[in-house]
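Peer 1: This is the content of final_17.txt (compact mmCIF, C-alpha atoms):
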# COMPACT_ATOMS: atom_id res chain seq x y z
CA MET A 1263 132.23 78.69 89.96
CA THR A 1264 133.16 76.38 92.82
CA HIS A 1265 130.51 77.17 95.41
CA GLY A 1266 127.63 75.60 93.45
CA HIS A 1267 123.93 76.20 94.05
CA LEU A 1268 122.59 77.41 97.39
CA TRP A 1269 120.20 74.43 97.62
CA ASP A 1270 123.15 72.02 97.32
CA ARG A 1271 125.00 73.80 100.13
CA LEU A 1272 121.87 73.64 102.31
CA ALA A 1273 121.54 69.92 101.63
CA GLU A 1274 125.16 69.31 102.58
CA ALA A 1275 124.84 71.45 105.72
CA LYS A 1276 121.64 69.67 106.76
CA GLY A 1277 123.57 66.42 107.11
CA ARG A 1278 126.50 67.99 108.93
CA LEU A 1279 125.26 70.73 111.28
CA GLU A 1280 123.23 70.55 114.48
CA SER A 1281 120.17 72.80 114.36
CA VAL A 1282 120.16 75.93 116.53
CA GLN A 1283 116.90 77.19 118.06
CA SER A 1284 117.16 80.96 118.26
CA LYS A 1285 116.49 82.69 121.56
CA TYR A 1286 114.90 85.60 119.66
CA ARG A 1287 111.69 86.35 117.80
CA VAL A 1288 110.92 89.37 115.61
CA VAL A 1289 107.52 90.91 116.28
CA PHE A 1290 106.24 93.33 113.65
CA GLU A 1291 103.17 95.09 112.34
CA ASP A 1292 102.44 95.91 108.71
CA PRO A 1293 101.86 99.68 108.38
CA ALA A 1294 99.73 99.01 105.28
CA THR A 1295 97.25 96.96 107.32
CA PRO A 1296 97.12 98.60 110.76
CA ASP A 1297 94.00 96.67 111.78
CA GLU A 1298 95.74 93.30 111.47
CA PRO A 1299 97.41 91.73 114.52
CA ALA A 1300 101.15 91.75 115.08
CA LYS A 1301 103.09 89.05 113.23
CA VAL A 1302 105.93 87.00 114.70
CA LEU A 1303 108.95 85.85 112.67
CA VAL A 1304 110.41 82.58 113.97
CA PRO A 1305 113.97 81.95 112.72
CA ASP A 1306 114.41 78.45 111.32
CA PRO A 1307 116.83 76.32 113.39
CA ASN A 1308 118.57 74.76 110.37
CA TRP A 1309 118.87 78.15 108.69
CA MET A 1310 120.34 79.58 111.90
CA ALA A 1311 122.91 76.78 112.02
CA ALA A 1312 123.91 77.63 108.45
CA ALA A 1313 124.15 81.34 109.27
CA LEU A 1314 126.39 80.73 112.27
CA GLU A 1315 128.57 78.26 110.36
CA GLY A 1316 129.24 80.53 107.39
CA ASN A 1317 130.06 79.83 103.75
CA ILE A 1318 126.52 78.64 103.02
CA LEU A 1319 124.17 81.64 102.73
CA PRO A 1320 124.44 84.31 100.02
CA PRO A 1321 124.89 88.05 100.66
CA ILE A 1322 121.63 89.69 101.78
CA ASP A 1323 121.76 92.23 98.95
CA THR A 1324 121.25 89.42 96.41
CA TYR A 1325 117.83 88.71 97.96
CA GLN A 1326 117.02 92.41 97.88
CA ARG A 1327 117.85 92.67 94.17
CA ASP A 1328 115.88 89.48 93.49
CA ARG A 1329 112.72 91.11 94.88
CA ASP A 1330 112.47 93.00 91.58
CA VAL A 1331 112.97 89.95 89.35
CA ALA A 1332 109.85 88.89 87.47
CA ASP A 1333 108.22 85.53 88.14
CA GLY A 1334 110.09 82.71 86.43
CA GLN A 1335 113.17 84.80 85.57
CA PRO A 1336 116.70 83.90 86.76
CA LYS A 1337 117.63 85.02 90.25
CA GLU A 1338 120.97 85.96 91.72
CA HIS A 1339 120.88 84.60 95.27
CA PRO A 1340 121.07 80.85 94.49
CA TYR A 1341 124.36 81.30 92.60
CA ALA A 1342 126.05 84.06 94.60
CA GLU A 1343 129.29 83.41 96.46
CA PRO A 1344 128.45 82.58 100.09
CA ILE A 1345 129.34 84.88 102.97
CA GLY A 1346 131.23 84.06 106.15
CA PRO A 1347 129.84 83.20 109.60
CA MET A 1348 127.47 85.55 111.42
CA THR A 1349 126.69 86.03 115.08
CA GLU A 1350 123.11 85.22 116.10
CA GLU A 1351 122.33 88.94 116.33
CA GLU A 1352 123.72 89.54 112.83
CA ALA A 1353 121.74 86.57 111.55
CA ILE A 1354 118.50 88.02 112.97
CA GLU A 1355 119.19 91.34 111.23
CA TYR A 1356 119.86 89.46 107.97
CA LEU A 1357 116.62 87.52 108.38
CA ILE A 1358 114.61 90.69 108.96
CA MET A 1359 115.92 92.11 105.69
CA LYS A 1360 115.20 88.84 103.89
CA ASP A 1361 111.78 87.82 105.21
CA ILE A 1362 110.07 91.07 106.28
CA ASP A 1363 108.84 93.70 103.85
CA PRO A 1364 111.08 96.81 103.66
CA ALA A 1365 107.93 98.85 104.36
CA VAL A 1366 108.31 97.65 107.94
CA TRP A 1367 112.05 97.85 108.63
CA GLN A 1368 113.27 100.48 106.16
CA GLU A 1369 110.56 102.77 104.86
CA TYR A 1370 108.25 103.36 107.82
CA ARG A 1371 108.51 106.92 109.19
CA GLY A 1372 105.63 106.96 111.68
CA ASN A 1373 105.90 107.40 115.43
CA ARG A 1374 104.53 104.02 116.34
CA THR A 1375 106.98 101.20 117.13
CA ILE A 1376 106.12 98.56 114.54
CA MET A 1377 109.01 96.12 114.94
CA LYS A 1378 110.88 94.66 117.91
CA ILE A 1379 113.41 91.89 118.39
CA VAL A 1380 112.43 90.18 121.62
CA PRO A 1381 113.53 87.15 123.65
CA VAL A 1382 111.27 84.21 122.88
CA GLU A 1383 109.94 84.09 126.43
CA LEU A 1384 108.34 87.55 125.96
CA VAL A 1385 106.03 86.26 123.23
CA PRO A 1386 102.85 84.98 124.92
CA SER A 1387 102.27 81.24 124.66
CA ASP A 1388 98.58 81.75 125.46
CA ARG A 1389 97.01 82.39 122.06
CA SER A 1390 93.42 82.88 123.21
CA PHE A 1391 93.48 86.45 121.90
CA ARG A 1392 96.02 85.92 119.11
CA SER A 1393 94.01 87.92 116.59
CA ALA A 1394 94.26 91.01 118.81
CA TRP A 1395 98.02 91.05 119.46
CA LYS A 1396 99.71 94.45 119.09
CA ILE A 1397 103.15 95.71 120.02
CA LYS A 1398 102.99 97.61 123.28
CA GLN A 1399 104.22 101.16 122.90
CA GLU A 1400 105.54 101.49 126.46
CA ALA A 1401 109.05 100.55 127.51
CA ASP A 1402 107.74 97.11 128.43
CA GLU A 1403 108.51 94.83 125.48
CA ARG A 1404 105.70 92.38 126.07
CA ILE A 1405 103.12 91.95 123.36
CA ALA A 1406 99.66 93.00 124.51
CA ALA A 1407 96.43 91.39 123.52
CA MET B 420 130.36 68.26 98.74
CA SER B 421 129.63 66.24 95.63
CA THR B 422 126.69 66.69 93.30
CA LEU B 423 125.38 64.10 90.90
CA THR B 424 123.92 65.91 87.92
CA VAL B 425 121.08 63.97 86.35
CA THR B 426 117.72 64.62 84.72
CA ASN B 427 115.94 61.47 85.88
CA ILE B 428 116.52 58.85 88.55
CA LYS B 429 115.36 55.23 88.66
CA ALA B 430 115.34 53.05 91.74
CA THR B 431 116.73 49.51 91.58
CA GLY B 432 113.94 47.16 90.50
CA GLU B 433 111.73 49.90 89.07
CA THR B 434 111.00 50.08 85.37
CA ALA B 435 110.12 53.75 85.19
CA SER B 436 112.41 56.66 85.86
CA ARG B 437 111.24 59.87 87.46
CA SER B 438 112.35 63.47 87.35
CA ALA B 439 115.05 64.48 89.79
CA THR B 440 113.01 67.64 90.40
CA GLY B 441 110.48 65.37 92.15
CA ILE B 442 112.68 65.52 95.24
CA ALA B 443 111.16 67.95 97.75
CA ALA B 444 112.50 71.45 97.23
CA ALA B 445 111.56 72.52 100.75
CA TRP B 446 109.77 71.05 103.74
CA ILE B 447 108.91 71.90 107.32
CA ASN B 448 107.34 70.29 110.39
CA PHE B 449 106.38 72.81 113.05
CA ASN B 450 104.42 73.43 116.21
CA GLY B 451 101.81 76.03 115.28
CA THR B 452 100.46 76.83 118.70
CA GLY B 453 101.73 77.88 122.13
CA THR B 454 105.34 78.89 121.65
CA ILE B 455 105.55 78.40 117.91
CA ALA B 456 108.73 76.64 116.81
CA THR B 457 110.08 74.56 113.95
CA ARG B 458 110.76 70.92 114.77
CA ASP B 459 112.70 70.20 111.60
CA SER B 460 112.90 71.56 108.09
CA PHE B 461 114.88 71.93 104.91
CA ASN B 462 115.39 75.02 102.74
CA VAL B 463 113.37 77.21 105.11
CA SER B 464 114.73 80.45 106.57
CA GLY B 465 111.83 81.40 108.79
CA LEU B 466 108.25 80.81 109.78
CA ILE B 467 105.93 83.78 110.23
CA ASP B 468 103.07 83.46 112.68
CA LEU B 469 100.54 85.80 111.02
CA THR B 470 97.59 85.31 113.33
CA LEU B 471 95.46 82.44 114.63
CA GLY B 472 95.95 79.45 112.30
CA GLN B 473 97.71 81.42 109.55
CA TYR B 474 101.40 81.04 108.76
CA ASP B 475 103.93 81.98 106.06
CA VAL B 476 106.86 79.66 105.31
CA GLU B 477 109.89 81.53 103.90
CA PHE B 478 112.28 79.67 101.59
CA THR B 479 116.06 80.08 101.73
CA SER B 480 116.52 79.13 98.06
CA ASP B 481 113.53 80.36 96.06
CA MET B 482 111.35 78.26 93.81
CA GLY B 483 111.78 78.94 90.09
CA ASN B 484 108.22 80.12 89.61
CA ASP B 485 104.93 80.22 91.52
CA ASP B 486 103.46 77.12 89.84
CA TYR B 487 105.14 74.58 92.11
CA ASN B 488 103.28 71.86 93.98
CA VAL B 489 102.49 72.28 97.68
CA SER B 490 101.20 69.66 100.05
CA GLY B 491 100.57 69.79 103.75
CA TYR B 492 98.62 68.70 106.76
CA GLY B 493 97.71 70.04 110.16
CA ASN B 494 96.32 68.64 113.37
CA THR B 495 95.14 70.36 116.52
CA TYR B 496 96.59 67.48 118.53
CA SER B 497 100.33 67.36 119.00
CA ASP B 498 100.63 63.59 118.69
CA THR B 499 99.89 61.25 115.81
CA THR B 500 97.46 58.97 117.61
CA ASN B 501 94.71 61.58 117.99
CA PHE B 502 93.25 63.47 115.10
CA SER B 503 91.23 66.64 114.95
CA ASP B 504 87.77 66.61 113.50
CA GLY B 505 88.27 67.17 109.82
CA MET B 506 90.55 70.16 110.06
CA ASN B 507 92.27 70.94 106.80
CA LEU B 508 94.92 73.27 105.52
CA ALA B 509 93.92 75.93 103.02
CA LEU B 510 97.25 75.83 101.27
CA ALA B 511 98.73 78.49 99.06
CA ASN B 512 95.77 80.82 99.34
CA SER B 513 96.07 84.57 99.37
CA TYR B 514 93.58 85.32 102.08
CA GLY B 515 93.53 87.52 105.15
CA SER B 516 97.10 88.03 106.29
CA MET B 517 98.41 85.27 104.01
CA ASN B 518 100.36 86.24 100.89
CA GLY B 519 99.61 83.00 99.03
CA GLN B 520 101.97 80.98 96.88
CA LEU B 521 105.04 82.99 95.87
CA GLU B 522 108.51 82.08 94.62
CA GLY B 523 110.08 82.94 97.96
CA SER B 524 107.37 81.83 100.36
CA CYS B 525 104.14 79.92 100.74
CA SER B 526 101.19 80.54 103.03
CA LEU B 527 99.50 77.90 105.07
CA GLY B 528 96.11 78.30 106.71
CA SER B 529 94.65 75.91 109.23
CA TYR B 530 90.85 75.97 108.95
CA THR B 531 88.16 73.97 110.67
CA HIS B 532 85.74 71.98 108.53
CA THR B 533 82.84 73.33 110.56
CA GLY B 534 83.41 76.78 109.14
CA SER B 535 84.12 78.25 112.54
CA GLY B 536 87.28 79.91 111.25
CA PHE B 537 91.02 79.50 111.44
CA THR B 538 92.54 77.54 114.27
CA ASP B 539 96.11 76.76 115.30
CA SER B 540 97.72 73.46 114.34
CA ALA B 541 99.72 71.86 117.11
CA ILE B 542 101.51 69.88 114.45
CA ALA B 543 101.75 71.04 110.85
CA PHE B 544 103.65 69.84 107.81
CA LEU B 545 104.31 71.43 104.44
CA SER B 546 106.43 70.36 101.47
CA THR B 547 106.99 71.76 98.01
CA HIS B 548 108.04 70.13 94.75
CA GLY B 549 109.07 71.89 91.58
CA ASP B 550 111.87 73.76 89.87
CA LEU B 551 114.25 75.88 91.92
CA ALA B 552 115.37 79.36 90.90
Can the structure from this file be put into structure tokens for me?

Peer 2:
Amino acid sequence: MTHGHLWDRLAEAKGRLESVQSKYRVVFEDPATPDEPAKVLVPDPNWMAAALEGNILPPIDTYQRDRDVADGQPKEHPYAEPIGPMTEEEAIEYLIMKDIDPAVWQEYRGNRTIMKIVPVELVPSDRSFRSAWKIKQEADERIAA
Amino acid sequence: MSTLTVTNIKATGETASRSATGIAAAWINFNGTGTIATRDSFNVSGLIDLTLGQYDVEFTSDMGNDDYNVSGYGNTYSDTTNFSDGMNLALANSYGSMNGQLEGSCSLGSYTHTGSGFTDSAIAFLSTHGDLA
């Protein structure tokens, strides 16, 4: 095994790569808790740099298999062979599958739109009514309070 | 990339050695209000803005179990010369939208000491120590 542990690759990349602030955010609602406000996933800039560079992050399916691993048991993703570079759009899709529950992006069958990838400028910076944010169901992609 | 494999490390001049696992496994410094964004981080894939003053930090390389140490701090002011009035972070709690302390993520809640509820942190820090998966 020549690729080592994921943490070691991240440490090496941290000293070598410039961080990349994504121009996207992922807005989503949990169908299990419809009364809760919409959540916003913010991609990490150092993670994004690693995703664009390639040969650092493991295949996404290793994270998905590790969801079923019991607490304290060995996991696959830290030791898996890294994948090549991604585009920013591919990296966002990877991140959705890694950090958002499959109940949102895979299993939901309702009519309501519960997840959107939006440009960062469409997420309100005024958080006065943050606890009431929902995804608008019209064509307009803005989040509504 | 070179990796030094050791169990303990000891600084020059120190008499005691310490565990190499004492190095932070993950850390983040982020702006938790307005347009939420990460200033800098390590071993973090994403930050989830759950609602007012509640956040989830997602790790790229998971912790080995859910008994790791977490420490953090938040401030409603965005500079380090002004401090909010006793605001504290309810770390690692499973409460409201927060999932709590898991192998792959850790929640962080910013709560006012007056009991008036959660509030955004303009500057927030979190770090974890412990075994990696």

Peer 1: With only C-alpha atoms as the atoms that count, which of A:Lys1301, A:Lys1276, A:Arg1287, A:His1267 lies nearest to A:Glu1383?

Peer 2: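 Comparing A:Lys1301, A:Lys1276, A:Arg1287, A:His1267 against A:Glu1383, the winner is A:Arg1287.
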
Peer 1: Kindly provide, as a PyMOL selection string, the residues of chain B having any atom no farther than 9 Å from an atom of chain A, counting all atoms listed in the file.

Peer 2: chain B and resi 420-422+444+452-471+477-485+515-516+521-524+539+551-552

Peer 1: Could you save those same residues with C-alpha atoms as a PDB file, keeping the file's coordinate frame?

Peer 2:
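Generated file (result.pdb):
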ATOM      1  CA  MET B 420     130.360  68.260  98.740  1.00  0.00           C
ATOM      2  CA  SER B 421     129.630  66.240  95.630  1.00  0.00           C
ATOM      3  CA  THR B 422     126.690  66.690  93.300  1.00  0.00           C
ATOM      4  CA  ALA B 444     112.500  71.450  97.230  1.00  0.00           C
ATOM      5  CA  THR B 452     100.460  76.830 118.700  1.00  0.00           C
ATOM      6  CA  GLY B 453     101.730  77.880 122.130  1.00  0.00           C
ATOM      7  CA  THR B 454     105.340  78.890 121.650  1.00  0.00           C
ATOM      8  CA  ILE B 455     105.550  78.400 117.910  1.00  0.00           C
ATOM      9  CA  ALA B 456     108.730  76.640 116.810  1.00  0.00           C
ATOM     10  CA  THR B 457     110.080  74.560 113.950  1.00  0.00           C
ATOM     11  CA  ARG B 458     110.760  70.920 114.770  1.00  0.00           C
ATOM     12  CA  ASP B 459     112.700  70.200 111.600  1.00  0.00           C
ATOM     13  CA  SER B 460     112.900  71.560 108.090  1.00  0.00           C
ATOM     14  CA  PHE B 461     114.880  71.930 104.910  1.00  0.00           C
ATOM     15  CA  ASN B 462     115.390  75.020 102.740  1.00  0.00           C
ATOM     16  CA  VAL B 463     113.370  77.210 105.110  1.00  0.00           C
ATOM     17  CA  SER B 464     114.730  80.450 106.570  1.00  0.00           C
ATOM     18  CA  GLY B 465     111.830  81.400 108.790  1.00  0.00           C
ATOM     19  CA  LEU B 466     108.250  80.810 109.780  1.00  0.00           C
ATOM     20  CA  ILE B 467     105.930  83.780 110.230  1.00  0.00           C
ATOM     21  CA  ASP B 468     103.070  83.460 112.680  1.00  0.00           C
ATOM     22  CA  LEU B 469     100.540  85.800 111.020  1.00  0.00           C
ATOM     23  CA  THR B 470      97.590  85.310 113.330  1.00  0.00           C
ATOM     24  CA  LEU B 471      95.460  82.440 114.630  1.00  0.00           C
ATOM     25  CA  GLU B 477     109.890  81.530 103.900  1.00  0.00           C
ATOM     26  CA  PHE B 478     112.280  79.670 101.590  1.00  0.00           C
ATOM     27  CA  THR B 479     116.060  80.080 101.730  1.00  0.00           C
ATOM     28  CA  SER B 480     116.520  79.130  98.060  1.00  0.00           C
ATOM     29  CA  ASP B 481     113.530  80.360  96.060  1.00  0.00           C
ATOM     30  CA  MET B 482     111.350  78.260  93.810  1.00  0.00           C
ATOM     31  CA  GLY B 483     111.780  78.940  90.090  1.00  0.00           C
ATOM     32  CA  ASN B 484     108.220  80.120  89.610  1.00  0.00           C
ATOM     33  CA  ASP B 485     104.930  80.220  91.520  1.00  0.00           C
ATOM     34  CA  GLY B 515      93.530  87.520 105.150  1.00  0.00           C
ATOM     35  CA  SER B 516      97.100  88.030 106.290  1.00  0.00           C
ATOM     36  CA  LEU B 521     105.040  82.990  95.870  1.00  0.00           C
ATOM     37  CA  GLU B 522     108.510  82.080  94.620  1.00  0.00           C
ATOM     38  CA  GLY B 523     110.080  82.940  97.960  1.00  0.00           C
ATOM     39  CA  SER B 524     107.370  81.830 100.360  1.00  0.00           C
ATOM     40  CA  ASP B 539      96.110  76.760 115.300  1.00  0.00           C
ATOM     41  CA  LEU B 551     114.250  75.880  91.920  1.00  0.00           C
ATOM     42  CA  ALA B 552     115.370  79.360  90.900  1.00  0.00           C
TER      43      ALA B 552
END

Peer 1: What is the atom CA of B:Val425-atom CA of B:Arg437 distance in Å, reported with one decimal?

Peer 2: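 So the answer is 10.7 Å.
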
Peer 1: Atom CA of A:Arg1374 to atom CA of A:Gln1399: how many Å, to one decimal?

Peer 2: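 One can read the atom CA of A:Arg1374 to atom CA of A:Gln1399 distance as 7.2 Å.
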
Peer 1: What is the atom CA of B:Gln473-atom CA of A:Lys1398 distance in Å, reported with one decimal?

Peer 2: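 Straight-line distance from atom CA of B:Gln473 to atom CA of A:Lys1398 works out to 21.9 Å.
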
Peer 1: Taking 5 positions as the minimum chain separation for residues in the same chain, which residues sit within 6 Å of B:Ser546 when counting only C-alpha atoms? Answer as a JSON list (two decimals) with C-alpha atoms, keeping the file's coordinate frame.

Peer 2:
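Listed below is the output, out_6.json:
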[["chain", "number", "residue", "atom", "x", "y", "z"],
["B", 445, "ALA", "CA", 111.56, 72.52, 100.75],
["B", 446, "TRP", "CA", 109.77, 71.05, 103.74],
["B", 489, "VAL", "CA", 102.49, 72.28, 97.68],
["B", 490, "SER", "CA", 101.20, 69.66, 100.05]]

Peer 1: Any chance you could export stretch 425-489 of chain B with C-alpha atoms, as a tab-separated table (two decimals), in the first residue's frame?

Peer 2:
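Final file, part-v4.tsv:
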chain	number	residue	atom	x	y	z
B	425	VAL	CA	5.92	7.02	16.42
B	426	THR	CA	3.83	6.36	19.51
B	427	ASN	CA	5.02	9.31	21.60
B	428	ILE	CA	6.82	12.57	20.92
B	429	LYS	CA	8.97	14.66	23.26
B	430	ALA	CA	10.00	18.24	22.65
B	431	THR	CA	13.61	19.30	23.16
B	432	GLY	CA	14.09	20.31	26.80
B	433	GLU	CA	10.98	18.52	28.04
B	434	THR	CA	11.24	15.55	30.37
B	435	ALA	CA	7.88	13.99	29.60
B	436	SER	CA	6.77	12.54	26.31
B	437	ARG	CA	3.21	12.77	25.05
B	438	SER	CA	1.06	10.69	22.76
B	439	ALA	CA	1.28	11.48	19.07
B	440	THR	CA	-2.52	11.16	18.99
B	441	GLY	CA	-2.58	14.41	20.99
B	442	ILE	CA	-2.12	16.28	17.72
B	443	ALA	CA	-5.46	17.73	16.61
B	444	ALA	CA	-7.32	15.30	14.39
B	445	ALA	CA	-9.48	18.04	12.90
B	446	TRP	CA	-10.02	21.75	13.39
B	447	ILE	CA	-11.99	24.62	11.90
B	448	ASN	CA	-12.30	28.40	12.23
B	449	PHE	CA	-15.43	29.76	10.59
B	450	ASN	CA	-17.74	32.72	10.24
B	451	GLY	CA	-21.09	31.53	11.60
B	452	THR	CA	-23.26	34.44	10.59
B	453	GLY	CA	-24.11	36.45	7.48
B	454	THR	CA	-22.71	34.51	4.55
B	455	ILE	CA	-21.38	31.53	6.46
B	456	ALA	CA	-17.91	30.47	5.33
B	457	THR	CA	-14.87	28.61	6.60
B	458	ARG	CA	-11.79	30.76	7.19
B	459	ASP	CA	-9.40	27.85	7.61
B	460	SER	CA	-9.57	24.23	8.63
B	461	PHE	CA	-8.02	20.80	8.56
B	462	ASN	CA	-9.68	17.42	7.96
B	463	VAL	CA	-13.09	19.01	7.40
B	464	SER	CA	-15.18	18.35	4.29
B	465	GLY	CA	-18.08	20.64	4.98
B	466	LEU	CA	-19.91	22.81	7.46
B	467	ILE	CA	-23.68	22.53	7.75
B	468	ASP	CA	-25.63	25.59	8.84
B	469	LEU	CA	-28.55	23.89	10.61
B	470	THR	CA	-30.39	26.93	11.90
B	471	LEU	CA	-29.65	29.96	14.08
B	472	GLY	CA	-26.50	29.23	16.11
B	473	GLN	CA	-26.42	25.49	15.32
B	474	TYR	CA	-23.82	23.90	13.07
B	475	ASP	CA	-22.50	20.46	12.10
B	476	VAL	CA	-18.82	20.01	11.21
B	477	GLU	CA	-18.22	17.07	8.84
B	478	PHE	CA	-14.87	15.27	8.95
B	479	THR	CA	-13.04	14.07	5.83
B	480	SER	CA	-11.21	11.29	7.72
B	481	ASP	CA	-13.46	9.95	10.47
B	482	MET	CA	-12.58	9.66	14.12
B	483	GLY	CA	-12.04	6.11	15.36
B	484	ASN	CA	-14.91	6.23	17.82
B	485	ASP	CA	-17.31	8.77	19.33
B	486	ASP	CA	-15.36	9.22	22.57
B	487	TYR	CA	-12.89	11.78	21.23
B	488	ASN	CA	-12.24	15.14	22.84
B	489	VAL	CA	-13.85	18.28	21.43
